[in-house]
Amino acid sequence: MKHEDGREGVLKSPRRNKKGNVNEVTQQRFQEEVRRMEQLTSDGVTGIVPVLDADPDDPPQWFVMPKAVKLTDALRPGGRPADLRTVVEAICQIATTLAVLAERNISHRDIKPPNLLYYQGQPAVADFGIAAWPERPELTAATQKMGPLYFLAPEMRFPEPGTPGYPADVWSLAKTLFVLAKGLDYPPEGTHYTQGSEYSLWAQGGEAAMDLAPVLEAATAYEPHERLTMAAFRDELAAWLELHPDPVEPAHPRFRRGLRALEAATAVMRRHEEELRRLLPEQLRRLAKAQHGESDRWLRPALGTRYPEGVQLIDLHGYPDDPDYDMEVDGMALSSTVPDKAGRRLVLGGFLMGTVTTLAAEIQQDGKVLASWSEDVNVLLPSARVALRRITAEVEAAYAALPAG
């Protein structure tokens, strides 16, 4: 339909059954959707398909949404395969919208490709028919599946009353990212384990796709409480985009070889420790360059030793100052620059407690700490690399501000 001012829209009304009738639950859902979407539109919430007009009667029988294209079509112009980075950008924007809605205690519960559109040059979320809103009566029976079948989180297959939909939205959005990038209609079932070939995006993005794999694994954890939150999912996708600012080139499936592919099949602890060791040299070279003007002035052999001689952390980095506390870590990687003329060294590394890695850095002199930094991360996720770069930059700046040695 077309408005007199030239705007084009799509009229939406309650879905009728085979007999041409609208049952009571469908009617109630529709009325809730109209009222709530009008409120979000009025509040200026972006990233949703807004309401242009609605039935002024109460209860409303129709509303008009703007004409938009399917996100799937927008990502695949001319039917060409979607670029992995373009897909991640779009899903990151959708995750941003859903995180904002989660702050308002709204969960969509029906995330799948057909409900994601492209409107005014941006991805947008549509169809809030079964969304959970604050103070909205539950209109779906506990024995009834809730959400998109092939994109459905395990806990939503037969949800208990009051089951929160926020973790399910993360699961469904991660599955949506996968099918959009892979060019599939439906995703594989279950958690996207990084070692599973059916969950691989290697052909779509090579090494960059392997950086994305642990994000999808964490977003599709079987237990809802172990899953990334929507805000964390958004942040990990943003971190991945920061690490890969250029278009991602597809890779040939036959050439998937080497350390990164082998790491995916190793034990969890070893994966974390080896990833930490892999990430540190680049930043240690950076610190050596800042301190000595030469990027090789750091202790490379120290990284290969669990407790390197002459290199240690002095601060507790958030752990209890208790003489009876036994800080036996599960893994460690640590090195430092060669001390300068004043005996100052820059120490960088991390230690593992379970699957949590504490990134740590110190400026040391004569057995004392001049400055220190630490941050807890999952070292397999892109955000860990961003955090490591940030800490390194802070060490670099702090050292530059010290008096000349």
# chains A, B, ... in the order shown; residues from 1 in each chain; ligands from 1
call {"tool": "residues_around", "arguments": {"residues": "Ala213 (chain A)", "least_positions_apart": "3", "cutoff": "12 Å", "atoms": "only C-alpha atoms", "output": "MDAnalysis selection string"}}
result
chainID A and resid 174 177:178 191:202 204:210 216:220 236:237 240 260:261 264 380:382
call {"tool": "residues_around", "arguments": {"residues": "region 31-33 of chain A", "least_positions_apart": "2", "cutoff": "7 Å", "atoms": "only C-alpha atoms", "output": "MDAnalysis selection string"}}
result
chainID A and resid 27:29 35:37 59:60 128:129
call {"tool": "select_by_dssp", "arguments": {"residues": "region 54-112 of chain A", "states": "strand (DSSP E)", "output": "MDAnalysis selection string"}}
result
chainID A and resid 54 63:66 69:70
call {"tool": "write_last_selection", "arguments": {"atoms": "N, CA and C atoms", "output": "short mmCIF file (atom, residue, chain, number, x, y, z; two decimals), in the first residue's frame"}}
result
data_model
loop_
_atom_site.label_atom_id
_atom_site.label_comp_id
_atom_site.auth_asym_id
_atom_site.auth_seq_id
_atom_site.Cartn_x
_atom_site.Cartn_y
_atom_site.Cartn_z
N ALA A 54 -1.29 2.65 12.57
CA ALA A 54 -1.98 1.55 13.24
C ALA A 54 -3.45 1.89 13.41
N PHE A 63 -1.91 -2.93 11.48
CA PHE A 63 -0.91 -1.87 11.52
C PHE A 63 -0.10 -1.93 10.23
N VAL A 64 0.60 -0.85 9.96
CA VAL A 64 1.38 -0.74 8.73
C VAL A 64 2.86 -0.62 9.07
N MET A 65 3.65 -1.48 8.47
CA MET A 65 5.10 -1.41 8.61
C MET A 65 5.69 -1.01 7.27
N PRO A 66 6.87 -0.37 7.26
CA PRO A 66 7.44 0.07 6.00
C PRO A 66 7.87 -1.11 5.13
N VAL A 69 13.34 -5.18 2.49
CA VAL A 69 13.76 -6.41 1.83
C VAL A 69 14.29 -7.38 2.87
N LYS A 70 14.30 -8.66 2.54
CA LYS A 70 14.85 -9.65 3.45
C LYS A 70 16.35 -9.44 3.58
#
call {"tool": "residues_around", "arguments": {"residues": "region 111-124 of chain A", "least_positions_apart": "4", "cutoff": "7 Å", "atoms": "only C-alpha atoms", "output": "NGL selection string"}}
result
:A and (47-49 or 68-72 or 74 or 90 or 93-94 or 148 or 151 or 169 or 172-173 or 176)
call {"tool": "write_last_selection", "arguments": {"atoms": "all heavy atoms", "output": "short mmCIF file (atom, residue, chain, number, x, y, z; two decimals), in the first residue's frame"}}
result
data_model
loop_
_atom_site.label_atom_id
_atom_site.label_comp_id
_atom_site.auth_asym_id
_atom_site.auth_seq_id
_atom_site.Cartn_x
_atom_site.Cartn_y
_atom_site.Cartn_z
N GLY A 47 16.90 -0.14 14.88
CA GLY A 47 17.21 -1.54 14.61
C GLY A 47 15.99 -2.44 14.57
O GLY A 47 16.12 -3.65 14.47
N ILE A 48 14.81 -1.86 14.69
CA ILE A 48 13.57 -2.61 14.53
C ILE A 48 12.82 -2.02 13.32
O ILE A 48 13.07 -0.88 12.92
CB ILE A 48 12.67 -2.54 15.78
CG1 ILE A 48 12.23 -1.08 16.03
CG2 ILE A 48 13.39 -3.11 17.00
CD1 ILE A 48 11.15 -0.95 17.08
N VAL A 49 11.92 -2.82 12.75
CA VAL A 49 11.07 -2.30 11.68
C VAL A 49 9.95 -1.52 12.36
O VAL A 49 9.14 -2.10 13.08
CB VAL A 49 10.52 -3.44 10.82
CG1 VAL A 49 9.62 -2.87 9.73
CG2 VAL A 49 11.67 -4.22 10.18
N ALA A 68 10.30 -3.32 3.21
CA ALA A 68 11.72 -3.62 3.40
C ALA A 68 12.05 -4.90 2.65
O ALA A 68 11.15 -5.63 2.21
CB ALA A 68 12.04 -3.77 4.89
N VAL A 69 13.34 -5.18 2.49
CA VAL A 69 13.76 -6.41 1.83
C VAL A 69 14.29 -7.38 2.87
O VAL A 69 14.70 -6.98 3.97
CB VAL A 69 14.84 -6.14 0.76
CG1 VAL A 69 14.32 -5.21 -0.31
CG2 VAL A 69 16.11 -5.58 1.40
N LYS A 70 14.30 -8.66 2.54
CA LYS A 70 14.85 -9.65 3.45
C LYS A 70 16.35 -9.44 3.58
O LYS A 70 17.04 -9.16 2.60
CB LYS A 70 14.57 -11.06 2.93
CG LYS A 70 13.09 -11.45 2.95
CD LYS A 70 12.92 -12.88 2.43
CE LYS A 70 11.45 -13.28 2.47
NZ LYS A 70 11.25 -14.66 1.94
N LEU A 71 16.85 -9.58 4.80
CA LEU A 71 18.28 -9.44 5.02
C LEU A 71 19.07 -10.44 4.18
O LEU A 71 20.14 -10.12 3.65
CB LEU A 71 18.61 -9.62 6.51
CG LEU A 71 20.09 -9.47 6.89
CD1 LEU A 71 20.59 -8.07 6.56
CD2 LEU A 71 20.29 -9.76 8.37
N THR A 72 18.54 -11.64 4.04
CA THR A 72 19.20 -12.66 3.22
C THR A 72 19.44 -12.16 1.81
O THR A 72 20.53 -12.34 1.25
CB THR A 72 18.35 -13.95 3.17
OG1 THR A 72 18.11 -14.41 4.50
CG2 THR A 72 19.04 -15.04 2.38
N ALA A 74 19.56 -9.00 0.84
CA ALA A 74 20.47 -7.86 0.86
C ALA A 74 21.93 -8.30 0.96
O ALA A 74 22.83 -7.65 0.42
CB ALA A 74 20.13 -6.94 2.04
N ALA A 90 26.43 -7.43 9.86
CA ALA A 90 24.96 -7.35 9.96
C ALA A 90 24.47 -7.97 11.25
O ALA A 90 23.61 -7.41 11.95
CB ALA A 90 24.33 -8.03 8.75
N GLN A 93 25.08 -5.86 14.27
CA GLN A 93 24.08 -4.80 14.40
C GLN A 93 22.78 -5.33 14.98
O GLN A 93 22.14 -4.69 15.82
CB GLN A 93 23.84 -4.14 13.04
CG GLN A 93 25.01 -3.29 12.55
CD GLN A 93 24.75 -2.71 11.17
OE1 GLN A 93 24.99 -3.36 10.16
NE2 GLN A 93 24.26 -1.50 11.13
N ILE A 94 22.37 -6.52 14.53
CA ILE A 94 21.17 -7.14 15.08
C ILE A 94 21.37 -7.44 16.58
O ILE A 94 20.47 -7.21 17.40
CB ILE A 94 20.83 -8.45 14.33
CG1 ILE A 94 20.46 -8.15 12.87
CG2 ILE A 94 19.72 -9.21 15.03
CD1 ILE A 94 19.18 -7.39 12.68
N PRO A 148 11.54 -20.56 16.42
CA PRO A 148 11.77 -21.13 15.10
C PRO A 148 12.36 -22.53 15.22
O PRO A 148 13.41 -22.71 15.84
CB PRO A 148 12.77 -20.15 14.48
CG PRO A 148 13.50 -19.56 15.64
CD PRO A 148 12.53 -19.53 16.78
N PHE A 151 16.04 -23.20 14.42
CA PHE A 151 16.90 -22.24 15.09
C PHE A 151 16.61 -22.19 16.59
O PHE A 151 17.03 -21.28 17.29
CB PHE A 151 16.70 -20.85 14.48
CG PHE A 151 17.06 -20.79 13.02
CD1 PHE A 151 16.14 -21.19 12.04
CD2 PHE A 151 18.30 -20.36 12.61
CE1 PHE A 151 16.47 -21.15 10.69
CE2 PHE A 151 18.64 -20.31 11.26
CZ PHE A 151 17.72 -20.71 10.31
N ASP A 169 17.54 -16.23 22.36
CA ASP A 169 17.78 -15.29 21.27
C ASP A 169 19.24 -15.36 20.80
O ASP A 169 19.53 -15.26 19.61
CB ASP A 169 17.45 -13.86 21.71
CG ASP A 169 15.95 -13.58 21.73
OD1 ASP A 169 15.17 -14.43 21.24
OD2 ASP A 169 15.55 -12.53 22.25
N SER A 172 19.67 -18.57 18.73
CA SER A 172 19.03 -18.44 17.41
C SER A 172 19.80 -17.48 16.50
O SER A 172 19.91 -17.71 15.29
CB SER A 172 17.59 -17.95 17.57
OG SER A 172 16.83 -18.87 18.33
N LEU A 173 20.34 -16.40 17.08
CA LEU A 173 21.08 -15.45 16.26
C LEU A 173 22.41 -16.03 15.79
O LEU A 173 22.83 -15.78 14.65
CB LEU A 173 21.32 -14.16 17.04
CG LEU A 173 21.86 -12.98 16.23
CD1 LEU A 173 20.91 -12.61 15.08
CD2 LEU A 173 22.10 -11.76 17.12
N THR A 176 21.62 -18.23 12.99
CA THR A 176 21.29 -17.41 11.83
C THR A 176 22.56 -16.92 11.14
O THR A 176 22.67 -16.93 9.91
CB THR A 176 20.42 -16.22 12.25
OG1 THR A 176 19.18 -16.71 12.78
CG2 THR A 176 20.12 -15.30 11.08
#
call {"tool": "select_by_dssp", "arguments": {"residues": "region 140-185 of chain A", "states": "alpha helix (DSSP H)", "output": "list in words"}}
result
Tyr166, Pro167, Ala168, Asp169, Val170, Trp171, Ser172, Leu173, Ala174, Lys175, Thr176, Leu177, Phe178, Val179, Leu180, Ala181 and Lys182 of chain A
call {"tool": "residues_around", "arguments": {"residues": "Leu299 (chain A)", "least_positions_apart": "3", "cutoff": "7 Å", "atoms": "only C-alpha atoms", "output": "list in words"}}
result
Ala302, Ser335, Ser336, Thr337 and Val338 of chain A
call {"tool": "closest_residue", "arguments": {"among": "A:Asp53, A:Glu394, A:Asp340, A:Asp315", "to": "Val369 (chain A)", "atoms": "only C-alpha atoms"}}
result
A:Asp315
call {"tool": "atom_distance", "arguments": {"atom1": "CA of Ser372 (chain A)", "atom2": "CA of Gln291 (chain A)"}}
result
16.4 Å
call {"tool": "closest_residue", "arguments": {"among": "A:Glu135, A:Glu103, A:Asp127, A:Asp110", "to": "Val170 (chain A)", "atoms": "only C-alpha atoms"}}
result
A:Asp110
call {"tool": "atom_distance", "arguments": {"atom1": "CA of Tyr222 (chain A)", "atom2": "CA of Asp83 (chain A)"}}
result
28.0 Å
call {"tool": "atom_distance", "arguments": {"atom1": "CA of Arg76 (chain A)", "atom2": "CA of Ala203 (chain A)"}}
result
16.8 Å
call {"tool": "residues_around", "arguments": {"residues": "region 353-364 of chain A", "least_positions_apart": "3", "cutoff": "9 Å", "atoms": "only C-alpha atoms", "output": "PyMOL selection string"}}
result
chain A and resi 268-269+272-273+276+313-315+317+328-332+334+343-350+367-379+384+387-388+391-392+395+398-399
call {"tool": "residues_around", "arguments": {"residues": "Gly304 (chain A)", "least_positions_apart": "4", "cutoff": "8 Å", "atoms": "only C-alpha atoms", "output": "NGL selection string"}}
result
:A and (300 or 308 or 333)
call {"tool": "write_last_selection", "arguments": {"atoms": "N, CA, C and O atoms", "output": "PDB file, in the first residue's frame"}}
result
ATOM      1  N   ARG A 300      62.686 -14.712  24.496  1.00  0.00           N
ATOM      2  CA  ARG A 300      61.871 -15.694  23.780  1.00  0.00           C
ATOM      3  C   ARG A 300      61.851 -17.069  24.471  1.00  0.00           C
ATOM      4  O   ARG A 300      60.797 -17.691  24.571  1.00  0.00           O
ATOM      5  N   PRO A 308      59.304 -19.748  34.009  1.00  0.00           N
ATOM      6  CA  PRO A 308      60.605 -19.332  33.488  1.00  0.00           C
ATOM      7  C   PRO A 308      61.496 -18.728  34.570  1.00  0.00           C
ATOM      8  O   PRO A 308      61.042 -17.933  35.399  1.00  0.00           O
ATOM      9  N   ALA A 333      51.915 -18.661  30.645  1.00  0.00           N
ATOM     10  CA  ALA A 333      52.858 -18.240  29.617  1.00  0.00           C
ATOM     11  C   ALA A 333      53.325 -16.849  30.004  1.00  0.00           C
ATOM     12  O   ALA A 333      52.510 -15.956  30.240  1.00  0.00           O
TER      13      ALA A 333
END
call {"tool": "closest_residue", "arguments": {"among": "A:Leu180, A:Ala342, A:Leu280, A:Leu316", "to": "Ala404 (chain A)", "atoms": "only C-alpha atoms"}}
result
A:Ala342
call {"tool": "closest_residue", "arguments": {"among": "A:Val34, A:Ala102, A:Ile91, A:Lys175", "to": "Asp57 (chain A)", "atoms": "only C-alpha atoms"}}
result
A:Val34
call {"tool": "residues_around", "arguments": {"residues": "Glu294 (chain A)", "least_positions_apart": "6", "cutoff": "9 Å", "atoms": "only C-alpha atoms", "output": "NGL selection string"}}
result
:A and (285-286 or 288)
